[in-house]
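Undergrad: Contents of query.cif (mmCIF, N, CA and C atoms) are below:
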data_upload
loop_
_atom_site.label_atom_id
_atom_site.label_comp_id
_atom_site.auth_asym_id
_atom_site.auth_seq_id
_atom_site.Cartn_x
_atom_site.Cartn_y
_atom_site.Cartn_z
N MET C 1 -11.45 17.67 10.98
CA MET C 1 -12.53 16.72 10.90
C MET C 1 -13.29 16.74 12.22
N LYS C 2 -14.61 16.92 12.13
CA LYS C 2 -15.45 16.89 13.32
C LYS C 2 -16.38 15.69 13.22
N PRO C 3 -16.18 14.67 14.07
CA PRO C 3 -17.02 13.47 13.97
C PRO C 3 -18.47 13.76 14.33
N ALA C 4 -19.37 13.13 13.59
CA ALA C 4 -20.80 13.26 13.86
C ALA C 4 -21.40 11.91 14.27
N ARG C 5 -20.91 10.82 13.66
CA ARG C 5 -21.48 9.49 13.93
C ARG C 5 -20.42 8.43 13.67
N LEU C 6 -20.42 7.39 14.49
CA LEU C 6 -19.53 6.25 14.31
C LEU C 6 -20.37 4.98 14.31
N ASP C 7 -20.14 4.12 13.32
CA ASP C 7 -20.84 2.84 13.24
C ASP C 7 -19.80 1.73 13.13
N LEU C 8 -19.95 0.71 13.97
CA LEU C 8 -19.04 -0.44 13.96
C LEU C 8 -19.84 -1.72 13.82
N TYR C 9 -19.34 -2.65 13.00
CA TYR C 9 -19.94 -3.97 12.85
C TYR C 9 -18.81 -5.00 12.91
N ASN C 10 -18.92 -5.93 13.84
CA ASN C 10 -17.90 -6.97 14.02
C ASN C 10 -16.50 -6.36 14.13
N PHE C 11 -16.39 -5.29 14.90
CA PHE C 11 -15.13 -4.59 15.10
C PHE C 11 -14.69 -4.82 16.54
N LYS C 12 -13.59 -5.56 16.69
CA LYS C 12 -13.06 -5.88 18.02
C LYS C 12 -14.16 -6.49 18.89
N LEU C 13 -14.46 -5.89 20.04
CA LEU C 13 -15.48 -6.43 20.95
C LEU C 13 -16.90 -6.10 20.54
N TRP C 14 -17.07 -5.22 19.56
CA TRP C 14 -18.40 -4.74 19.18
C TRP C 14 -18.98 -5.56 18.03
N SER C 15 -20.09 -6.25 18.28
CA SER C 15 -20.79 -6.89 17.16
C SER C 15 -21.54 -5.81 16.37
N GLU C 16 -22.05 -4.80 17.09
CA GLU C 16 -22.71 -3.67 16.44
C GLU C 16 -22.73 -2.49 17.42
N LEU C 17 -22.36 -1.31 16.90
CA LEU C 17 -22.37 -0.10 17.71
C LEU C 17 -22.72 1.08 16.82
N HIS C 18 -23.62 1.92 17.28
CA HIS C 18 -23.98 3.18 16.61
C HIS C 18 -23.82 4.28 17.65
N LEU C 19 -22.91 5.22 17.39
CA LEU C 19 -22.59 6.25 18.35
C LEU C 19 -22.73 7.62 17.70
N GLU C 20 -23.57 8.48 18.28
CA GLU C 20 -23.75 9.86 17.80
C GLU C 20 -22.90 10.78 18.67
N PHE C 21 -22.11 11.65 18.05
CA PHE C 21 -21.30 12.61 18.79
C PHE C 21 -22.08 13.91 18.94
N PRO C 22 -21.87 14.62 20.06
CA PRO C 22 -22.57 15.90 20.24
C PRO C 22 -22.07 16.93 19.23
N GLU C 23 -22.95 17.86 18.86
CA GLU C 23 -22.57 18.90 17.90
C GLU C 23 -21.54 19.85 18.48
N SER C 24 -21.56 20.03 19.79
CA SER C 24 -20.56 20.90 20.42
C SER C 24 -20.20 20.31 21.77
N GLY C 25 -19.09 20.77 22.31
CA GLY C 25 -18.65 20.30 23.61
C GLY C 25 -17.84 19.02 23.51
N ALA C 26 -17.57 18.46 24.65
CA ALA C 26 -16.76 17.25 24.74
C ALA C 26 -17.66 16.03 24.88
N PHE C 27 -17.06 14.88 24.69
CA PHE C 27 -17.78 13.63 24.94
C PHE C 27 -16.90 12.74 25.78
N LEU C 28 -17.50 11.85 26.52
CA LEU C 28 -16.80 10.98 27.44
C LEU C 28 -17.15 9.54 27.10
N ILE C 29 -16.13 8.71 27.02
CA ILE C 29 -16.34 7.27 26.82
C ILE C 29 -15.92 6.61 28.12
N CYS C 30 -16.88 5.98 28.80
CA CYS C 30 -16.55 5.34 30.07
C CYS C 30 -17.30 4.02 30.18
N GLY C 31 -16.81 3.16 31.05
CA GLY C 31 -17.44 1.88 31.27
C GLY C 31 -16.48 0.94 31.97
N PRO C 32 -16.96 -0.26 32.29
CA PRO C 32 -16.12 -1.25 32.97
C PRO C 32 -14.96 -1.71 32.08
N PRO C 33 -13.95 -2.33 32.68
CA PRO C 33 -12.82 -2.83 31.90
C PRO C 33 -13.24 -3.86 30.85
N ASN C 34 -12.52 -3.86 29.75
CA ASN C 34 -12.69 -4.85 28.67
C ASN C 34 -14.09 -4.87 28.07
N LYS C 35 -14.66 -3.69 27.86
CA LYS C 35 -15.99 -3.59 27.26
C LYS C 35 -15.99 -2.84 25.93
N GLY C 36 -14.79 -2.44 25.40
CA GLY C 36 -14.73 -1.87 24.07
C GLY C 36 -14.46 -0.39 23.97
N LYS C 37 -14.09 0.26 25.08
CA LYS C 37 -13.82 1.72 25.03
C LYS C 37 -12.64 2.01 24.12
N SER C 38 -11.55 1.28 24.29
CA SER C 38 -10.36 1.50 23.46
C SER C 38 -10.63 1.16 22.00
N ALA C 39 -11.52 0.22 21.74
CA ALA C 39 -11.86 -0.14 20.35
C ALA C 39 -12.52 1.04 19.64
N ILE C 40 -13.31 1.82 20.36
CA ILE C 40 -13.93 3.01 19.77
C ILE C 40 -12.85 4.00 19.33
N ILE C 41 -11.88 4.25 20.22
CA ILE C 41 -10.78 5.16 19.91
C ILE C 41 -9.95 4.60 18.76
N GLN C 42 -9.70 3.30 18.76
CA GLN C 42 -8.91 2.69 17.69
C GLN C 42 -9.63 2.79 16.35
N ALA C 43 -10.94 2.65 16.35
CA ALA C 43 -11.70 2.78 15.10
C ALA C 43 -11.55 4.19 14.53
N ILE C 44 -11.69 5.20 15.38
CA ILE C 44 -11.55 6.59 14.92
C ILE C 44 -10.14 6.84 14.42
N ASP C 45 -9.15 6.34 15.15
CA ASP C 45 -7.74 6.52 14.78
C ASP C 45 -7.44 5.86 13.43
N THR C 46 -7.88 4.63 13.24
CA THR C 46 -7.62 3.89 12.00
C THR C 46 -8.32 4.55 10.82
N LEU C 47 -9.56 4.98 11.02
CA LEU C 47 -10.27 5.67 9.94
C LEU C 47 -9.61 7.00 9.61
N GLY C 48 -9.24 7.76 10.63
CA GLY C 48 -8.66 9.08 10.41
C GLY C 48 -7.35 9.05 9.65
N LYS C 49 -6.59 7.97 9.82
CA LYS C 49 -5.31 7.85 9.14
C LYS C 49 -5.38 6.95 7.91
N CYS C 50 -6.57 6.37 7.64
CA CYS C 50 -6.71 5.38 6.56
C CYS C 50 -5.62 4.33 6.69
N GLY C 51 -5.42 3.89 7.91
CA GLY C 51 -4.32 2.96 8.18
C GLY C 51 -4.78 1.53 8.27
N LYS C 52 -3.90 0.64 7.88
CA LYS C 52 -4.17 -0.79 8.00
C LYS C 52 -3.80 -1.21 9.41
N SER C 53 -4.66 -1.95 10.04
CA SER C 53 -4.39 -2.51 11.35
C SER C 53 -4.79 -3.97 11.32
N ASP C 54 -4.09 -4.76 12.08
CA ASP C 54 -4.41 -6.18 12.19
C ASP C 54 -5.35 -6.40 13.36
N ASN C 55 -6.03 -7.51 13.34
CA ASN C 55 -6.86 -7.96 14.46
C ASN C 55 -7.99 -6.99 14.81
N LEU C 56 -8.65 -6.43 13.79
CA LEU C 56 -9.77 -5.53 14.05
C LEU C 56 -11.11 -6.26 14.07
N LEU C 57 -11.18 -7.42 13.45
CA LEU C 57 -12.44 -8.17 13.39
C LEU C 57 -12.76 -8.80 14.74
N SER C 58 -14.06 -8.87 15.05
CA SER C 58 -14.50 -9.60 16.23
C SER C 58 -14.10 -11.06 16.09
N ARG C 59 -13.81 -11.68 17.20
CA ARG C 59 -13.42 -13.10 17.18
C ARG C 59 -14.50 -13.93 16.50
N GLY C 60 -14.10 -14.75 15.53
CA GLY C 60 -15.02 -15.62 14.83
C GLY C 60 -15.72 -14.99 13.64
N SER C 61 -15.46 -13.71 13.37
CA SER C 61 -16.12 -13.01 12.26
C SER C 61 -15.25 -13.05 11.01
N ASP C 62 -15.89 -13.21 9.85
CA ASP C 62 -15.18 -13.20 8.57
C ASP C 62 -15.09 -11.81 7.98
N SER C 63 -16.03 -10.94 8.36
CA SER C 63 -16.04 -9.59 7.81
C SER C 63 -16.67 -8.63 8.81
N GLY C 64 -16.39 -7.36 8.59
CA GLY C 64 -16.95 -6.33 9.45
C GLY C 64 -16.72 -4.98 8.79
N SER C 65 -17.05 -3.92 9.51
CA SER C 65 -16.81 -2.59 8.96
C SER C 65 -16.79 -1.56 10.09
N SER C 66 -16.19 -0.44 9.77
CA SER C 66 -16.26 0.73 10.63
C SER C 66 -16.51 1.92 9.71
N SER C 67 -17.32 2.85 10.16
CA SER C 67 -17.55 4.04 9.35
C SER C 67 -17.74 5.23 10.28
N ILE C 68 -17.30 6.37 9.78
CA ILE C 68 -17.47 7.61 10.53
C ILE C 68 -18.07 8.65 9.59
N THR C 69 -19.09 9.32 10.06
CA THR C 69 -19.65 10.46 9.35
C THR C 69 -19.07 11.69 10.03
N PHE C 70 -18.57 12.63 9.23
CA PHE C 70 -17.89 13.78 9.81
C PHE C 70 -18.11 15.02 8.96
N LEU C 71 -17.89 16.17 9.58
CA LEU C 71 -17.88 17.43 8.86
C LEU C 71 -16.44 17.71 8.47
N GLY C 72 -16.20 17.92 7.19
CA GLY C 72 -14.86 18.22 6.71
C GLY C 72 -14.49 19.67 6.98
N ALA C 73 -13.25 20.00 6.64
CA ALA C 73 -12.78 21.38 6.83
C ALA C 73 -13.60 22.36 6.00
N ASP C 74 -14.26 21.86 4.94
CA ASP C 74 -15.10 22.71 4.09
C ASP C 74 -16.52 22.86 4.61
N GLY C 75 -16.82 22.22 5.78
CA GLY C 75 -18.14 22.32 6.38
C GLY C 75 -19.17 21.35 5.83
N LEU C 76 -18.76 20.51 4.87
CA LEU C 76 -19.68 19.53 4.27
C LEU C 76 -19.58 18.19 5.00
N LYS C 77 -20.65 17.40 4.92
CA LYS C 77 -20.71 16.11 5.59
C LYS C 77 -20.21 15.00 4.67
N TYR C 78 -19.33 14.18 5.20
CA TYR C 78 -18.73 13.06 4.47
C TYR C 78 -18.92 11.78 5.29
N GLU C 79 -18.81 10.64 4.61
CA GLU C 79 -18.78 9.36 5.31
C GLU C 79 -17.56 8.59 4.83
N LEU C 80 -16.75 8.13 5.77
CA LEU C 80 -15.58 7.32 5.46
C LEU C 80 -15.82 5.93 6.03
N LYS C 81 -15.77 4.92 5.17
CA LYS C 81 -16.06 3.55 5.58
C LYS C 81 -14.86 2.67 5.34
N GLN C 82 -14.61 1.77 6.27
CA GLN C 82 -13.56 0.77 6.14
C GLN C 82 -14.24 -0.59 6.16
N ASP C 83 -14.10 -1.33 5.06
CA ASP C 83 -14.59 -2.71 5.01
C ASP C 83 -13.46 -3.62 5.46
N LEU C 84 -13.77 -4.52 6.36
CA LEU C 84 -12.76 -5.38 6.95
C LEU C 84 -13.01 -6.84 6.58
N THR C 85 -11.94 -7.51 6.20
CA THR C 85 -11.93 -8.97 6.08
C THR C 85 -10.64 -9.44 6.74
N ALA C 86 -10.47 -10.74 6.86
CA ALA C 86 -9.29 -11.27 7.53
C ALA C 86 -8.00 -10.86 6.83
N ASP C 87 -8.04 -10.66 5.52
CA ASP C 87 -6.80 -10.36 4.79
C ASP C 87 -6.83 -9.04 4.04
N ASN C 88 -7.85 -8.19 4.27
CA ASN C 88 -7.95 -6.97 3.47
C ASN C 88 -8.70 -5.88 4.24
N ASN C 89 -8.23 -4.66 4.14
CA ASN C 89 -8.93 -3.48 4.63
C ASN C 89 -9.11 -2.54 3.45
N ARG C 90 -10.35 -2.16 3.14
CA ARG C 90 -10.60 -1.23 2.03
C ARG C 90 -11.34 -0.03 2.56
N PHE C 91 -10.95 1.14 2.06
CA PHE C 91 -11.58 2.39 2.48
C PHE C 91 -12.40 2.96 1.33
N LEU C 92 -13.52 3.60 1.68
CA LEU C 92 -14.36 4.28 0.70
C LEU C 92 -14.85 5.59 1.31
N LEU C 93 -14.61 6.69 0.62
CA LEU C 93 -15.09 8.00 1.07
C LEU C 93 -16.28 8.39 0.21
N SER C 94 -17.43 8.60 0.85
CA SER C 94 -18.63 9.08 0.15
C SER C 94 -18.72 10.58 0.38
N MET C 95 -18.77 11.33 -0.72
CA MET C 95 -18.77 12.79 -0.65
C MET C 95 -20.16 13.36 -0.90
N PRO C 96 -20.40 14.61 -0.46
CA PRO C 96 -21.73 15.22 -0.58
C PRO C 96 -22.23 15.31 -2.02
N ASP C 97 -21.33 15.39 -2.99
CA ASP C 97 -21.76 15.52 -4.39
C ASP C 97 -22.08 14.17 -5.03
N GLY C 98 -22.06 13.10 -4.23
CA GLY C 98 -22.40 11.78 -4.74
C GLY C 98 -21.22 11.02 -5.32
N ILE C 99 -20.06 11.62 -5.34
CA ILE C 99 -18.87 10.95 -5.86
C ILE C 99 -18.23 10.15 -4.73
N ASN C 100 -17.75 8.97 -5.06
CA ASN C 100 -17.05 8.12 -4.10
C ASN C 100 -15.62 7.93 -4.56
N THR C 101 -14.70 7.77 -3.62
CA THR C 101 -13.32 7.51 -3.97
C THR C 101 -12.72 6.50 -3.01
N ARG C 102 -11.81 5.70 -3.53
CA ARG C 102 -11.04 4.76 -2.73
C ARG C 102 -9.56 5.17 -2.67
N LYS C 103 -9.19 6.27 -3.33
CA LYS C 103 -7.80 6.69 -3.37
C LYS C 103 -7.42 7.32 -2.03
N ILE C 104 -6.45 6.73 -1.37
CA ILE C 104 -6.06 7.18 -0.04
C ILE C 104 -5.62 8.65 -0.05
N ALA C 105 -4.86 9.07 -1.06
CA ALA C 105 -4.39 10.47 -1.12
C ALA C 105 -5.57 11.43 -1.21
N ASP C 106 -6.59 11.07 -1.99
CA ASP C 106 -7.79 11.91 -2.09
C ASP C 106 -8.52 11.97 -0.76
N ILE C 107 -8.64 10.82 -0.11
CA ILE C 107 -9.33 10.77 1.18
C ILE C 107 -8.61 11.63 2.20
N GLN C 108 -7.29 11.49 2.28
CA GLN C 108 -6.53 12.26 3.26
C GLN C 108 -6.60 13.76 2.99
N SER C 109 -6.69 14.17 1.74
CA SER C 109 -6.77 15.60 1.45
C SER C 109 -8.12 16.17 1.89
N ILE C 110 -9.18 15.36 1.85
CA ILE C 110 -10.50 15.79 2.30
C ILE C 110 -10.57 15.78 3.82
N VAL C 111 -10.08 14.71 4.42
CA VAL C 111 -10.17 14.55 5.87
C VAL C 111 -9.36 15.63 6.57
N LYS C 112 -8.20 15.99 6.02
CA LYS C 112 -7.33 17.01 6.61
C LYS C 112 -7.19 16.78 8.10
N TYR C 113 -6.77 15.59 8.44
CA TYR C 113 -6.74 15.15 9.83
C TYR C 113 -5.44 14.39 10.03
N ASN C 114 -4.64 14.85 10.94
CA ASN C 114 -3.39 14.17 11.26
C ASN C 114 -3.41 13.87 12.76
N PRO C 115 -4.04 12.76 13.14
CA PRO C 115 -4.24 12.50 14.56
C PRO C 115 -2.94 12.08 15.24
N PHE C 116 -2.98 12.14 16.54
CA PHE C 116 -1.92 11.53 17.31
C PHE C 116 -1.96 10.03 17.06
N THR C 117 -0.89 9.34 17.37
CA THR C 117 -0.96 7.89 17.32
C THR C 117 -1.95 7.44 18.39
N LEU C 118 -2.43 6.24 18.28
CA LEU C 118 -3.39 5.72 19.25
C LEU C 118 -2.79 5.75 20.65
N ASP C 119 -1.53 5.37 20.80
CA ASP C 119 -0.89 5.36 22.12
C ASP C 119 -0.83 6.77 22.70
N GLU C 120 -0.46 7.76 21.89
CA GLU C 120 -0.40 9.14 22.38
C GLU C 120 -1.78 9.63 22.80
N PHE C 121 -2.80 9.32 22.01
CA PHE C 121 -4.16 9.74 22.32
C PHE C 121 -4.61 9.13 23.64
N ILE C 122 -4.40 7.83 23.79
CA ILE C 122 -4.84 7.15 25.01
C ILE C 122 -4.08 7.68 26.22
N ASN C 123 -2.78 7.92 26.10
CA ASN C 123 -2.01 8.43 27.24
C ASN C 123 -2.46 9.84 27.63
N MET C 124 -2.93 10.64 26.68
CA MET C 124 -3.37 11.99 27.00
C MET C 124 -4.76 12.00 27.64
N SER C 125 -5.61 11.06 27.27
CA SER C 125 -7.01 11.20 27.62
C SER C 125 -7.59 10.02 28.42
N TYR C 126 -6.77 9.07 28.78
CA TYR C 126 -7.30 7.85 29.35
C TYR C 126 -6.38 7.39 30.46
N THR C 127 -6.93 7.09 31.60
CA THR C 127 -6.15 6.54 32.70
C THR C 127 -6.48 5.07 32.79
N ALA C 128 -5.48 4.24 32.66
CA ALA C 128 -5.69 2.80 32.71
C ALA C 128 -6.22 2.39 34.07
N GLU C 129 -7.09 1.40 34.05
CA GLU C 129 -7.66 0.91 35.28
C GLU C 129 -6.75 -0.15 35.89
N GLY C 130 -6.80 -0.28 37.19
CA GLY C 130 -6.06 -1.34 37.84
C GLY C 130 -4.86 -0.90 38.48
#
Starting from the coordinates I provided, produce the structure as C-alpha cells.
TA:
Amino acid sequence: MKPARLDLYNFKLWSELHLEFPESGAFLICGPPNKGKSAIIQAIDTLGKCGKSDNLLSRGSDSGSSSITFLGADGLKYELKQDLTADNNRFLLSMPDGINTRKIADIQSIVKYNPFTLDEFINMSYTAEG
C-alpha cells in the first residue's frame, strides 16, 4: 500500500487535517510537542490494520472520521474510510470499479498491508522529545 492522501476529522487533536503524500521519496512529520504528529501515525496504523482503537475522537466530539487514499498492490487507487463514533468504528473501502465493501477480510486482501504495531513504528522512526 502506497499512501497518497490522508484526511482526518475530529481525530485525536485534529479537528480537520488534509495531508498529501509525495509520489516518491520519504516524508517527514515534525512539529512541537503535543500537536498531533503521533495521531497521524496512529490514523495510518489503525486504517492499515482495520483495527478498533479507543479514544480516537477529539475531546467533546460525537463523531469523526479518518480516510486514506492509496495505491494498492495492483496499482489502482482506493480509499479506505473509518467512521468514528463513541461506541463504534466502521470501515468502508471504495474501489476503482465503484464497488464498496465493509467486509474486513476483503479490505485486508486489497490493502495487502501488514504494518508494524504503532509502538514498533514509533520506536523505529521517532525520537521522543524531552
Undergrad: For C:Asp83, which of C:Ile107, C:Gly60, C:Phe11, C:Met95 is the closest residue, counting only C-alpha atoms?
TA: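 Between C:Ile107, C:Gly60, C:Phe11, C:Met95, the residue approaching C:Asp83 most closely is C:Phe11.
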Undergrad: Determine the residue set returned by the PyMOL selection byres ((chain C and resi 3) around 7) for the present structure, and present it as a ChimeraX atom specification.
TA: /C:1-2,4-6,20-22,68-71
Undergrad: Nearest to C:Asp87: which of C:Pro33, C:Cys50, C:Asp62, C:Leu19 is it, counting all atoms listed in the file?
TA: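 Result for the nearest residue to C:Asp87: C:Asp62.
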Undergrad: Given the file shown, enumerate the residues that the PyMOL selection byres (((chain C and resi 85 and name CA) around 8) and name CA) captures and present them as a PyMOL selection string.
TA: chain C and resi 57+62-64+83-84+86-89
Undergrad: Could you give me, as a VMD selection string, the residues within 6 Å of C:Phe91, counting all atoms listed in the file and dropping anything in the same chain fewer than 5 positions from it?
TA: chain C and resid 81 to 83 101 to 102
Undergrad: List every residue of stretch 17-65 of chain C that DSSP, applied to the backbone of this structure, places in strand (DSSP E), and write the result as a PyMOL selection string.
TA: chain C and resi 17-20+63-65
Undergrad: Mind pulling up the distance from atom C of C:Ser65 to atom N of C:Asp45?
TA: 12.1 Å
Undergrad: Set up a box along x, y and z of the file covering all listed atoms of stretch 62-75 of chain C, add 5 Å on every one of the six sides, and write the centre and edge lengths in Å to one decimal, as lines of an AutoDock Vina configuration file.
TA:
center_x = -16.2
center_y = 4.8
center_z = 7.4
size_x = 16.9
size_y = 46.1
size_z = 16.5
Undergrad: How many Å separate atom C of C:Leu17 from atom CA of C:Asn100?
TA: 22.8 Å
Undergrad: Using atom CA of C:Leu93 and atom C of C:Tyr78 as the two end points, give the distance in Å to one decimal.
TA: 6.8 Å
Undergrad: Kindly indicate which residue among C:Ser53, C:Ser24, C:Ile29, C:Pro96 lies nearest to C:Leu76, using all atoms listed in the file for the distances.
TA: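 Looking only at the distances to C:Leu76, the closest residue turns out to be C:Pro96.
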Undergrad: Restricting the calculation to only C-alpha atoms: of C:Tyr9, C:Glu79, C:Ser67, C:Trp14, which residue gets closest to C:Ser38?
TA: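 Among the listed residues, C:Trp14 lies closest to C:Ser38.
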Undergrad: Could I get stretch 29-39 of chain C rebuilt with all heavy atoms, written as an mmCIF file, in the frame of the given file?
TA:
data_model
loop_
_atom_site.group_PDB
_atom_site.id
_atom_site.type_symbol
_atom_site.label_atom_id
_atom_site.label_comp_id
_atom_site.auth_asym_id
_atom_site.auth_seq_id
_atom_site.Cartn_x
_atom_site.Cartn_y
_atom_site.Cartn_z
ATOM 1 N N ILE C 29 -16.130 8.710 27.020
ATOM 2 C CA ILE C 29 -16.340 7.270 26.820
ATOM 3 C C ILE C 29 -15.920 6.610 28.120
ATOM 4 O O ILE C 29 -14.766 6.688 28.521
ATOM 5 C CB ILE C 29 -15.493 6.748 25.649
ATOM 6 C CG1 ILE C 29 -15.869 7.466 24.354
ATOM 7 C CG2 ILE C 29 -15.661 5.250 25.501
ATOM 8 C CD1 ILE C 29 -14.947 7.178 23.199
ATOM 9 N N CYS C 30 -16.880 5.980 28.800
ATOM 10 C CA CYS C 30 -16.550 5.340 30.070
ATOM 11 C C CYS C 30 -17.300 4.020 30.180
ATOM 12 O O CYS C 30 -18.276 3.785 29.487
ATOM 13 C CB CYS C 30 -16.884 6.261 31.249
ATOM 14 S SG CYS C 30 -18.612 6.723 31.359
ATOM 15 N N GLY C 31 -16.810 3.160 31.050
ATOM 16 C CA GLY C 31 -17.440 1.880 31.270
ATOM 17 C C GLY C 31 -16.480 0.940 31.970
ATOM 18 O O GLY C 31 -15.322 1.267 32.206
ATOM 19 N N PRO C 32 -16.960 -0.260 32.290
ATOM 20 C CA PRO C 32 -16.120 -1.250 32.970
ATOM 21 C C PRO C 32 -14.960 -1.710 32.080
ATOM 22 O O PRO C 32 -14.996 -1.514 30.859
ATOM 23 C CB PRO C 32 -17.077 -2.410 33.256
ATOM 24 C CG PRO C 32 -18.423 -1.982 32.846
ATOM 25 C CD PRO C 32 -18.314 -0.729 32.071
ATOM 26 N N PRO C 33 -13.950 -2.330 32.680
ATOM 27 C CA PRO C 33 -12.820 -2.830 31.900
ATOM 28 C C PRO C 33 -13.240 -3.860 30.850
ATOM 29 O O PRO C 33 -14.209 -4.602 31.042
ATOM 30 C CB PRO C 33 -11.927 -3.503 32.957
ATOM 31 C CG PRO C 33 -12.339 -2.905 34.266
ATOM 32 C CD PRO C 33 -13.795 -2.559 34.118
ATOM 33 N N ASN C 34 -12.520 -3.860 29.750
ATOM 34 C CA ASN C 34 -12.690 -4.850 28.670
ATOM 35 C C ASN C 34 -14.090 -4.870 28.070
ATOM 36 O O ASN C 34 -14.630 -5.921 27.756
ATOM 37 C CB ASN C 34 -12.322 -6.258 29.170
ATOM 38 C CG ASN C 34 -10.884 -6.334 29.601
ATOM 39 O OD1 ASN C 34 -9.995 -5.823 28.920
ATOM 40 N ND2 ASN C 34 -10.644 -6.946 30.749
ATOM 41 N N LYS C 35 -14.660 -3.690 27.860
ATOM 42 C CA LYS C 35 -15.990 -3.590 27.260
ATOM 43 C C LYS C 35 -15.990 -2.840 25.930
ATOM 44 O O LYS C 35 -17.044 -2.578 25.383
ATOM 45 C CB LYS C 35 -16.982 -2.929 28.233
ATOM 46 C CG LYS C 35 -17.221 -3.740 29.474
ATOM 47 C CD LYS C 35 -17.843 -5.082 29.139
ATOM 48 C CE LYS C 35 -18.092 -5.888 30.392
ATOM 49 N NZ LYS C 35 -18.570 -7.235 30.110
ATOM 50 N N GLY C 36 -14.790 -2.440 25.400
ATOM 51 C CA GLY C 36 -14.730 -1.870 24.070
ATOM 52 C C GLY C 36 -14.460 -0.390 23.970
ATOM 53 O O GLY C 36 -14.578 0.193 22.891
ATOM 54 N N LYS C 37 -14.090 0.260 25.080
ATOM 55 C CA LYS C 37 -13.820 1.720 25.030
ATOM 56 C C LYS C 37 -12.640 2.010 24.120
ATOM 57 O O LYS C 37 -12.709 2.892 23.259
ATOM 58 C CB LYS C 37 -13.549 2.256 26.438
ATOM 59 C CG LYS C 37 -14.707 2.114 27.407
ATOM 60 C CD LYS C 37 -14.374 2.596 28.790
ATOM 61 C CE LYS C 37 -13.230 1.879 29.452
ATOM 62 N NZ LYS C 37 -13.446 0.470 29.797
ATOM 63 N N SER C 38 -11.550 1.280 24.290
ATOM 64 C CA SER C 38 -10.360 1.500 23.460
ATOM 65 C C SER C 38 -10.630 1.160 22.000
ATOM 66 O O SER C 38 -10.034 1.762 21.103
ATOM 67 C CB SER C 38 -9.176 0.685 23.982
ATOM 68 O OG SER C 38 -8.791 1.153 25.256
ATOM 69 N N ALA C 39 -11.520 0.220 21.740
ATOM 70 C CA ALA C 39 -11.860 -0.140 20.350
ATOM 71 C C ALA C 39 -12.520 1.040 19.640
ATOM 72 O O ALA C 39 -12.297 1.238 18.442
ATOM 73 C CB ALA C 39 -12.786 -1.362 20.332
#
